[in-house]
Each structure stands twice: as C-alpha cells, then as structure tokens.
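Undergrad: mmCIF, C-alpha atoms and all ligand atoms, saved as target19.cif, coming up:
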```cif
data_final
#
loop_
_atom_site.label_atom_id
_atom_site.label_comp_id
_atom_site.auth_asym_id
_atom_site.auth_seq_id
_atom_site.Cartn_x
_atom_site.Cartn_y
_atom_site.Cartn_z
CA MET A 1 133.78 85.51 123.49
CA ALA A 2 132.49 84.73 120.04
CA GLU A 3 129.35 86.58 119.23
CA THR A 4 126.60 84.58 117.59
CA LYS A 5 124.93 86.35 114.72
CA ARG A 6 121.22 86.44 115.29
CA ASN A 7 119.05 85.25 112.46
CA PRO A 8 116.25 87.66 111.50
CA ASN A 9 112.69 86.68 112.42
CA TRP A 10 110.52 84.99 109.85
CA THR A 11 108.63 87.45 107.67
CA ARG A 12 104.96 87.33 106.75
CA ASP A 13 105.96 86.08 103.27
CA GLU A 14 107.80 83.11 104.75
CA HIS A 15 104.92 82.34 107.13
CA LEU A 16 102.53 82.23 104.16
CA VAL A 17 104.74 79.78 102.26
CA ALA A 18 105.05 77.57 105.35
CA LEU A 19 101.32 77.73 106.14
CA ASP A 20 100.47 76.61 102.62
CA PHE A 21 102.79 73.63 103.07
CA TYR A 22 101.28 72.89 106.47
CA LEU A 23 97.71 72.86 105.14
CA ASP A 24 98.73 70.42 102.40
CA ASN A 25 100.41 68.10 104.91
CA ARG A 26 98.39 68.51 108.08
CA ASP A 27 99.09 65.05 109.49
CA ASP A 28 102.78 64.89 108.70
CA TYR A 29 105.46 64.55 111.40
CA PHE A 30 107.47 67.29 109.67
CA SER A 31 110.76 65.52 110.14
CA PRO A 32 113.60 67.98 109.41
CA SER A 33 115.18 65.36 107.15
CA GLY A 34 111.97 64.67 105.20
CA GLU A 35 111.89 65.60 101.54
CA GLY A 36 108.95 67.97 101.96
CA VAL A 37 110.52 69.95 104.80
CA LEU A 38 113.81 70.14 102.90
CA ALA A 39 112.06 71.51 99.81
CA LEU A 40 110.12 73.98 101.96
CA THR A 41 113.34 75.10 103.65
CA ALA A 42 114.88 75.81 100.24
CA ASP A 43 111.84 77.89 99.22
CA ILE A 44 111.82 79.81 102.50
CA GLY A 45 115.53 80.55 102.15
CA LYS A 46 114.99 81.95 98.65
CA VAL A 47 112.08 84.12 99.76
CA ALA A 48 114.11 85.46 102.69
CA ARG A 49 117.04 86.28 100.42
CA ALA A 50 114.74 87.96 97.88
CA LEU A 51 113.66 90.17 100.78
CA GLY A 52 117.30 91.01 101.39
CA LEU A 53 117.62 89.03 104.63
CA THR A 54 120.81 87.25 105.62
CA GLY A 55 122.00 85.48 108.74
CA SER A 56 124.42 82.96 110.16
CA ASP A 57 125.14 79.41 108.94
CA THR A 58 121.91 78.27 110.55
CA PHE A 59 119.82 80.80 108.59
CA ARG A 60 116.50 79.15 107.61
CA ASN A 61 117.48 75.56 108.33
CA PRO A 62 115.25 72.43 108.22
CA SER A 63 114.89 72.27 112.02
CA GLY A 64 113.56 75.82 112.05
CA ALA A 65 111.11 75.01 109.26
CA SER A 66 109.98 71.87 111.08
CA MET A 67 109.45 73.87 114.26
CA LYS A 68 107.44 76.49 112.40
CA LEU A 69 105.14 73.76 111.03
CA LEU A 70 104.66 72.29 114.49
CA ASN A 71 103.84 75.77 115.77
CA PHE A 72 101.10 76.01 113.14
CA ARG A 73 99.76 72.72 114.46
CA SER A 74 99.22 74.36 117.83
CA HIS A 75 96.73 76.69 116.11
CA ASP A 76 95.00 73.88 114.25
CA PRO A 77 91.59 72.95 115.69
CA GLN A 78 91.80 69.66 113.75
CA HIS A 79 94.61 68.60 116.09
CA ASP A 80 93.92 68.29 119.77
CA THR A 81 97.52 67.33 120.45
CA LYS A 82 99.10 70.69 120.96
CA GLY A 83 102.24 71.51 119.04
CA LEU A 84 105.13 73.51 120.35
CA PRO A 85 104.26 76.64 122.27
CA GLN A 86 103.91 79.44 119.77
CA GLY A 87 107.05 81.43 119.10
CA ASN A 88 105.83 84.25 116.92
CA LYS A 89 102.48 86.00 116.87
CA LEU A 90 102.54 86.16 113.07
CA GLU A 91 101.77 82.44 113.12
CA GLN A 92 98.41 83.17 114.70
CA VAL A 93 97.80 86.16 112.43
CA VAL A 94 98.38 84.35 109.14
CA TRP A 95 96.52 81.34 110.46
CA ASN A 96 93.47 83.51 111.14
CA GLU A 97 93.71 85.22 107.77
CA PHE A 98 94.33 82.24 105.50
CA ALA A 99 93.78 78.83 107.13
CA ASN A 100 90.15 78.80 106.06
CA ASN A 101 90.97 79.85 102.53
CA PRO A 102 93.64 77.43 101.30
CA THR A 103 92.83 78.08 97.64
CA ALA A 104 93.48 81.81 97.94
CA LEU A 105 96.61 81.08 99.96
CA LYS A 106 97.90 78.69 97.31
CA ARG A 107 97.60 81.40 94.67
CA VAL A 108 99.31 83.97 96.88
CA VAL A 109 102.17 81.57 97.59
CA ALA A 110 102.59 80.70 93.89
CA ASN A 111 102.83 84.43 93.19
CA ILE A 112 105.28 85.01 96.04
CA LEU A 113 107.52 82.25 94.68
CA ASN A 114 107.27 83.65 91.15
CA VAL A 115 108.22 87.12 92.35
CA THR A 116 111.05 85.55 94.34
CA ASN A 117 112.42 83.76 91.31
CA ALA A 118 112.06 86.87 89.16
CA ALA A 119 113.78 88.98 91.83
CA MET A 120 116.63 86.47 92.06
CA ALA A 121 116.96 86.52 88.27
CA ASN A 122 116.81 90.33 88.48
CA ASP A 123 113.84 90.51 86.13
CA THR A 124 111.51 92.39 88.42
CA PRO A 125 113.01 95.39 90.12
CA VAL A 126 111.86 95.32 93.72
CA LEU A 127 111.52 98.72 95.32
CA PRO A 128 112.86 99.29 98.80
CA GLU A 129 110.32 99.26 101.60
CA ASP A 130 108.12 102.32 101.86
CA ASP A 131 105.47 103.61 104.21
CA ALA A 132 102.66 101.38 102.96
CA THR A 133 101.50 98.83 105.49
CA GLU A 134 102.59 95.44 104.28
CA ALA A 135 99.65 93.69 102.61
CA ARG A 136 98.24 90.48 104.05
CA GLU A 137 99.95 88.80 101.15
CA GLY A 138 103.42 89.79 102.33
CA GLN A 139 106.24 92.17 101.52
CA LEU A 140 107.22 90.86 98.08
CA LEU A 141 103.75 91.35 96.64
CA THR A 142 103.48 94.70 98.46
CA ARG A 143 106.62 95.84 96.71
CA LEU A 144 105.41 94.54 93.37
CA HIS A 145 102.17 96.52 93.84
CA ARG A 146 104.12 99.71 94.64
CA TYR A 147 106.45 99.15 91.72
CA ARG A 148 103.54 98.74 89.32
CA GLU A 149 101.84 101.94 90.40
CA ARG A 150 105.05 103.95 90.13
CA ASN A 151 106.06 102.62 86.76
CA THR A 152 106.38 105.93 84.94
CA ALA A 153 105.43 104.80 81.45
CA ILE A 154 102.01 103.38 82.31
CA VAL A 155 101.34 106.12 84.90
CA LYS A 156 101.99 108.75 82.22
CA ARG A 157 99.57 107.02 79.88
CA LYS A 158 96.92 106.79 82.59
CA LYS A 159 97.20 110.51 83.39
CA ALA A 160 97.08 111.44 79.69
CA SER A 161 93.98 109.37 79.06
CA PHE A 162 92.23 110.78 82.16
CA LEU A 163 93.14 114.31 81.16
CA LYS A 164 91.79 113.80 77.67
CA LYS A 165 88.53 112.45 79.01
CA HIS A 166 87.93 114.85 81.92
CA GLY A 167 89.94 117.94 81.03
CA HIS A 168 91.78 117.97 84.38
CA LEU A 169 93.46 115.58 86.81
CA CYS A 170 91.74 114.78 90.09
CA CYS A 171 91.40 112.08 92.72
CA GLU A 172 88.88 109.50 91.55
CA ALA A 173 87.72 108.94 95.14
CA CYS A 174 87.42 112.42 96.67
CA GLY A 175 87.78 114.72 93.65
CA PHE A 176 90.82 116.57 95.02
CA ASP A 177 92.48 118.57 92.25
CA PHE A 178 96.08 119.53 93.05
CA GLN A 179 96.23 122.26 90.45
CA LYS A 180 93.05 123.87 91.68
CA VAL A 181 94.28 123.96 95.28
CA TYR A 182 98.01 124.53 94.84
CA GLY A 183 98.13 126.37 91.53
CA GLU A 184 100.86 125.83 89.01
CA ARG A 185 102.91 123.68 91.38
CA GLY A 186 100.10 121.13 91.48
CA ASP A 187 99.84 120.94 87.72
CA GLY A 188 100.09 117.31 86.60
CA PHE A 189 100.41 116.06 90.18
CA ILE A 190 98.39 113.00 91.21
CA GLU A 191 99.22 109.45 92.36
CA CYS A 192 98.25 106.19 90.76
CA HIS A 193 96.89 103.20 92.62
CA HIS A 194 96.97 99.70 91.15
CA THR A 195 93.55 98.13 91.80
CA LYS A 196 94.29 94.50 91.03
CA PRO A 197 93.97 92.49 94.25
CA VAL A 198 97.42 91.86 95.71
CA SER A 199 96.64 88.15 95.91
CA GLU A 200 96.45 88.09 92.11
CA LEU A 201 99.64 90.01 91.34
CA GLU A 202 101.95 87.94 89.20
CA ALA A 203 105.57 88.49 88.31
CA GLY A 204 106.22 89.77 84.82
CA GLU A 205 102.67 90.59 83.71
CA THR A 206 101.89 93.94 82.09
CA THR A 207 99.79 96.54 83.88
CA LYS A 208 96.70 97.60 81.97
CA LEU A 209 95.37 101.16 82.03
CA ALA A 210 92.13 99.81 83.47
CA ASP A 211 94.07 98.46 86.50
CA LEU A 212 94.97 102.00 87.60
CA VAL A 213 92.97 104.72 89.34
CA LEU A 214 94.11 108.23 90.13
CA LEU A 215 94.19 109.05 93.84
CA CYS A 216 95.33 112.06 95.80
CA ALA A 217 98.17 111.47 98.25
CA ASN A 218 95.82 111.36 101.26
CA CYS A 219 93.41 108.85 99.78
CA HIS A 220 96.26 106.67 98.55
CA ARG A 221 97.87 106.60 101.98
CA MET A 222 94.58 105.66 103.60
CA VAL A 223 94.17 102.72 101.19
CA HIS A 224 97.54 101.36 102.33
CA ALA A 225 97.38 102.45 105.98
CA ALA A 226 96.16 99.13 107.44
CA ARG A 227 95.42 95.51 106.59
CA PRO A 228 93.52 94.49 104.64
CA TRP A 229 94.12 97.34 102.20
CA TRP A 230 90.94 99.12 101.17
CA THR A 231 89.37 98.56 97.80
CA ILE A 232 88.40 101.74 95.91
CA GLU A 233 84.78 101.00 96.85
CA GLU A 234 85.69 100.84 100.53
CA LEU A 235 87.72 104.03 100.21
CA SER A 236 84.84 105.87 98.55
CA ALA A 237 82.34 104.58 101.09
CA SER A 238 84.55 105.85 103.94
CA ILE A 239 84.53 109.42 102.64
CA GLY A 240 81.62 111.13 104.32
ZN ZN B 1 91.45 111.74 97.35
ZN ZN B 2 98.45 101.72 95.89
#
```
Translate this file's structure into structure tokens.
Ligand SMILES: [Zn+2]
Ligand SMILES: [Zn+2]

TA:
Amino acid sequence: MAETKRNPNWTRDEHLVALDFYLDNRDDYFSPSGEGVLALTADIGKVARALGLTGSDTFRNPSGASMKLLNFRSHDPQHDTKGLPQGNKLEQVVWNEFANNPTALKRVVANILNVTNAAMANDTPVLPEDDATEAREGQLLTRLHRYRERNTAIVKRKKASFLKKHGHLCCEACGFDFQKVYGERGDGFIECHHTKPVSELEAGETTKLADLVLLCANCHRMVHAARPWWTIEELSASIG
C-alpha cells in the first residue's frame, strides 16, 4: 500500500501571512483559482520552505490556502455566516492577537516576507530553532532576533563599551555579575538581548549598540519564556 506523505501543519508565520490577506479581502469568496489566493499560496510556500518545511506534491496548495481563509472567516464577528469548522487552534490564537491590529500585522508580514526572501537568497543566516518561545510574530522573526543578539562582532562591541563605562560586566536587569559569583570562569560572560520589538525586525538592517542590553542567562530566558516576550521594563518590574 502506498504511503501518503503527510504535509506538516501550518506554522504561526504562515497563519500571519494568511490572516493579513484575509483582513484585506474579508468579503472575498477565496476561490482556489483566484489570482489573490494563488499569489498567497506562492508566498505561503516560500515562507514554509524558508522554515525548512517540505511535504508531498500537495504541499501548500491553493485549496489549502482557500480553506485556511474560510476558517478565519469562522472567527470573524463581521460575518454571521460561519465558515468551515476550525481545523487548527492557531487560527484562533493569531486572530485574537492580530485581527484588531491590521496595521501592525501588515508590518510583521512585510518583515516575514523580507526575511523569507533573504533566507532564500542566503543573505541572512537563519539559526536553527532554540529554546526561546516563538514570538507572536512567528519563527522567522524569532530566529532573526536570536541571530542578531548572538552576532559576535556587535556583541563584543557592546560588552567592551559597557565594561569601559561601568568597570565590570553585569545583568542590566538584576545586576548579576558572573565574575563576582563564579570567579575567573565567569570573566567576560554575559548574554546580549536585542531590544527592538520583533514586529519591527527587518532583514538586512544593522544592529546598533543601543539596541542591545546585557542580561544574565536567567533573565534572558525569562524574557523569551512565554508570549508576548517581556520588554526590559516588564522584566525589571517583575524582579521583586
Ligand atoms: Zn539578570
Ligand atoms: Zn533575546
């Protein structure tokens, strides 16, 4: 018996791209052969491939995109005709997070598509997944954030400038000083967090020193431990 290869579920990134299209075309029939749905399908396919996903011949096809859009309609209070029964709870999640903020969503989606194109052209190295909780804005922008804060050149400069100013390295939220606690082994050890909102991360732009803060490993993990990620102000306020 021939085994059918299962296509991977839609990611948050793909849901965001589709939701943006839905909000621009709320009253459409979303015919799978319509120009808009075909263009959306092409974008979704690119985003999925930039995330390293692959599938069978039916991977990210126009019927699937059309169905996704109709599923969004079932969450839309502007439509009393219910769409298809919801297939994926991410539809509800991204609807709740972004449907009332189409301008922010549009920017996020433009950035996702830019990162996708850059990743396809191999311009922007995309790190493998790590333990950070995926940002509301999806996996591609999460990876771009993590890449930026691990970029050794700018991180080195940030540490050097902090050291010059303060005479030692420590967490800017809780004050933890690795060298003080762990001795020589902790010398020079601290993480960098990129403070620019994920929604505003663009492919190819240069990180500024002012975009980075030094955080200890605990504080940095807490920032990324849940959605939405904490701002530095929220992190500091949480420390009793
Ligand atoms: Zn800390
Ligand atoms: Zn970070």

Undergrad: Need the shell around region 148-155 of chain A: protein/DNA/RNA residues with any atom at most 6 Å away, counting all atoms listed in the file. Skip same-chain ones fewer than 4 positions apart. Format as a list in words?

TA: Cys192, His193 and His194 of chain A

Undergrad: What gap, in Å, lies between CA of Gln92 (chain A) and CA of Phe72 (chain A)?

TA: 7.8 Å

Undergrad: How close does each residue of chain A get to ligand ZN 1 (chain B), giving the shortest atom pair and distance in Å to one decimal for every residue with an atom at most 10 Å away, counting only C-alpha atoms and all ligand atoms, sorted by chain and residue number, as JSON lines?

TA:
```
{"residue": "A:Cys170", "atom": "CA", "partner": "B:ZN1", "partner_atom": "ZN", "distance": 7.9}
{"residue": "A:Cys171", "atom": "CA", "partner": "B:ZN1", "partner_atom": "ZN", "distance": 4.6}
{"residue": "A:Glu172", "atom": "CA", "partner": "B:ZN1", "partner_atom": "ZN", "distance": 6.7}
{"residue": "A:Ala173", "atom": "CA", "partner": "B:ZN1", "partner_atom": "ZN", "distance": 5.2}
{"residue": "A:Cys174", "atom": "CA", "partner": "B:ZN1", "partner_atom": "ZN", "distance": 4.1}
{"residue": "A:Gly175", "atom": "CA", "partner": "B:ZN1", "partner_atom": "ZN", "distance": 6.0}
{"residue": "A:Phe176", "atom": "CA", "partner": "B:ZN1", "partner_atom": "ZN", "distance": 5.4}
{"residue": "A:Asp177", "atom": "CA", "partner": "B:ZN1", "partner_atom": "ZN", "distance": 8.6}
{"residue": "A:Ile190", "atom": "CA", "partner": "B:ZN1", "partner_atom": "ZN", "distance": 9.4}
{"residue": "A:Glu191", "atom": "CA", "partner": "B:ZN1", "partner_atom": "ZN", "distance": 9.5}
{"residue": "A:Leu214", "atom": "CA", "partner": "B:ZN1", "partner_atom": "ZN", "distance": 8.5}
{"residue": "A:Leu215", "atom": "CA", "partner": "B:ZN1", "partner_atom": "ZN", "distance": 5.2}
{"residue": "A:Cys216", "atom": "CA", "partner": "B:ZN1", "partner_atom": "ZN", "distance": 4.2}
{"residue": "A:Ala217", "atom": "CA", "partner": "B:ZN1", "partner_atom": "ZN", "distance": 6.8}
{"residue": "A:Asn218", "atom": "CA", "partner": "B:ZN1", "partner_atom": "ZN", "distance": 5.9}
{"residue": "A:Cys219", "atom": "CA", "partner": "B:ZN1", "partner_atom": "ZN", "distance": 4.3}
{"residue": "A:His220", "atom": "CA", "partner": "B:ZN1", "partner_atom": "ZN", "distance": 7.1}
{"residue": "A:Arg221", "atom": "CA", "partner": "B:ZN1", "partner_atom": "ZN", "distance": 9.4}
{"residue": "A:Met222", "atom": "CA", "partner": "B:ZN1", "partner_atom": "ZN", "distance": 9.3}
{"residue": "A:Leu235", "atom": "CA", "partner": "B:ZN1", "partner_atom": "ZN", "distance": 9.0}
{"residue": "A:Ser236", "atom": "CA", "partner": "B:ZN1", "partner_atom": "ZN", "distance": 8.9}
{"residue": "A:Ile239", "atom": "CA", "partner": "B:ZN1", "partner_atom": "ZN", "distance": 9.0}
```

Undergrad: From the options A:Phe189, A:Phe162, A:Trp229, A:Tyr182, which residue's atoms come nearest to Ala210 (chain A), counting only C-alpha atoms?

TA: A:Phe162

Undergrad: Excluding region 31-48 of chain A and its own-chain neighbours fewer than 5 positions away, which residues fall within 9 Å of it when counting only C-alpha atoms? Please give them as a short mmCIF file (atom, residue, chain, number, x, y, z; two decimals) with C-alpha atoms, in the frame of the given file.

TA:
```cif
data_model
loop_
_atom_site.label_atom_id
_atom_site.label_comp_id
_atom_site.auth_asym_id
_atom_site.auth_seq_id
_atom_site.Cartn_x
_atom_site.Cartn_y
_atom_site.Cartn_z
CA TRP A 10 110.52 84.99 109.85
CA THR A 11 108.63 87.45 107.67
CA ASP A 13 105.96 86.08 103.27
CA GLU A 14 107.80 83.11 104.75
CA HIS A 15 104.92 82.34 107.13
CA VAL A 17 104.74 79.78 102.26
CA ALA A 18 105.05 77.57 105.35
CA PHE A 21 102.79 73.63 103.07
CA LEU A 53 117.62 89.03 104.63
CA THR A 54 120.81 87.25 105.62
CA PHE A 59 119.82 80.80 108.59
CA ARG A 60 116.50 79.15 107.61
CA ASN A 61 117.48 75.56 108.33
CA PRO A 62 115.25 72.43 108.22
CA SER A 63 114.89 72.27 112.02
CA GLY A 64 113.56 75.82 112.05
CA ALA A 65 111.11 75.01 109.26
CA SER A 66 109.98 71.87 111.08
CA MET A 67 109.45 73.87 114.26
CA ILE A 112 105.28 85.01 96.04
CA LEU A 113 107.52 82.25 94.68
CA VAL A 115 108.22 87.12 92.35
CA THR A 116 111.05 85.55 94.34
CA ASN A 117 112.42 83.76 91.31
CA MET A 120 116.63 86.47 92.06
CA LEU A 140 107.22 90.86 98.08
#
```

Undergrad: Using all atoms listed in the file, give me every residue within 9 Å of (97.3, 89.2, 91.6) in file coordinates, as a list in words.

TA: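 Every residue inside that radius is included here: Arg107, Val108, Asn111, Leu141, Lys196, Pro197, Val198, Ser199, Glu200, Leu201, Glu202 and Ala203 of chain A.
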
Undergrad: Taking (103.0, 88.1, 102.9) in the file's coordinates, which residues come within 6 Å, counting all atoms listed in the file, written as a PDB file with C-alpha atoms, in the frame of the given file?

TA:
```
ATOM      1  CA  ARG A  12     104.960  87.330 106.750  1.00  0.00           C
ATOM      2  CA  ASP A  13     105.960  86.080 103.270  1.00  0.00           C
ATOM      3  CA  ARG A 136      98.240  90.480 104.050  1.00  0.00           C
ATOM      4  CA  GLU A 137      99.950  88.800 101.150  1.00  0.00           C
ATOM      5  CA  GLY A 138     103.420  89.790 102.330  1.00  0.00           C
ATOM      6  CA  GLN A 139     106.240  92.170 101.520  1.00  0.00           C
TER       7      GLN A 139
END
```

Undergrad: Around all of region 168-185 of chain A's listed atoms, make the axis-aligned box with 6 Å on each side and tell me centre and edge lengths in Å to one decimal, as AutoDock Vina command-line options.

TA:
```
--center_x 95.2 --center_y 117.7 --center_z 90.5 --size_x 27.5 --size_y 29.4 --size_z 24.3
```

Undergrad: Here is a test: counting all atoms listed in the file, which residue of A:Thr195, A:Asn100, A:Ser56, A:Asn122 is nearest to ligand ZN 2 (chain B)?

TA: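 Among the listed residues, A:Thr195 lies closest to ligand ZN 2 (chain B).
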
Undergrad: Calculate how many Å separate CA of Asn88 (chain A) from CA of Tyr29 (chain A), rounding to one decimal.

TA: 20.5 Å

Undergrad: Mind pulling up the distance from CA of His75 (chain A) to CA of Asn96 (chain A)?

TA: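 CA of His75 (chain A) lies at a distance of 9.0 Å from CA of Asn96 (chain A).
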
Undergrad: Please determine, counting all atoms listed in the file, which residue among A:Asp20, A:Asp27, A:Glu91, A:Asp57 has the shortest atom-to-atom distance to Thr103 (chain A).

TA: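 Ranking A:Asp20, A:Asp27, A:Glu91, A:Asp57 by distance to Thr103 (chain A), first place goes to A:Asp20.
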
Undergrad: I'd like to know which of A:Leu19, A:Leu69, A:Leu144, A:Ala104 is closest to ligand ZN 2 (chain B), using only C-alpha atoms and all ligand atoms.

TA: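 With only C-alpha atoms and all ligand atoms as the atom set, the closest residue is A:Leu144.
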
Undergrad: Given all atoms listed in the file as the basis, pick out the residue of A:His79, A:Pro8, A:Thr206, A:Arg49 nearest to Asp28 (chain A).

TA: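 Smallest distance to Asp28 (chain A) is found for A:His79.
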
Undergrad: Go through A:Lys165, A:Arg143, A:Ala237, A:Val93 and flag the residue nearest ligand ZN 2 (chain B), using all atoms listed in the file for the distances.

TA: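 That would be A:Arg143, the residue with the smallest distance to ligand ZN 2 (chain B).
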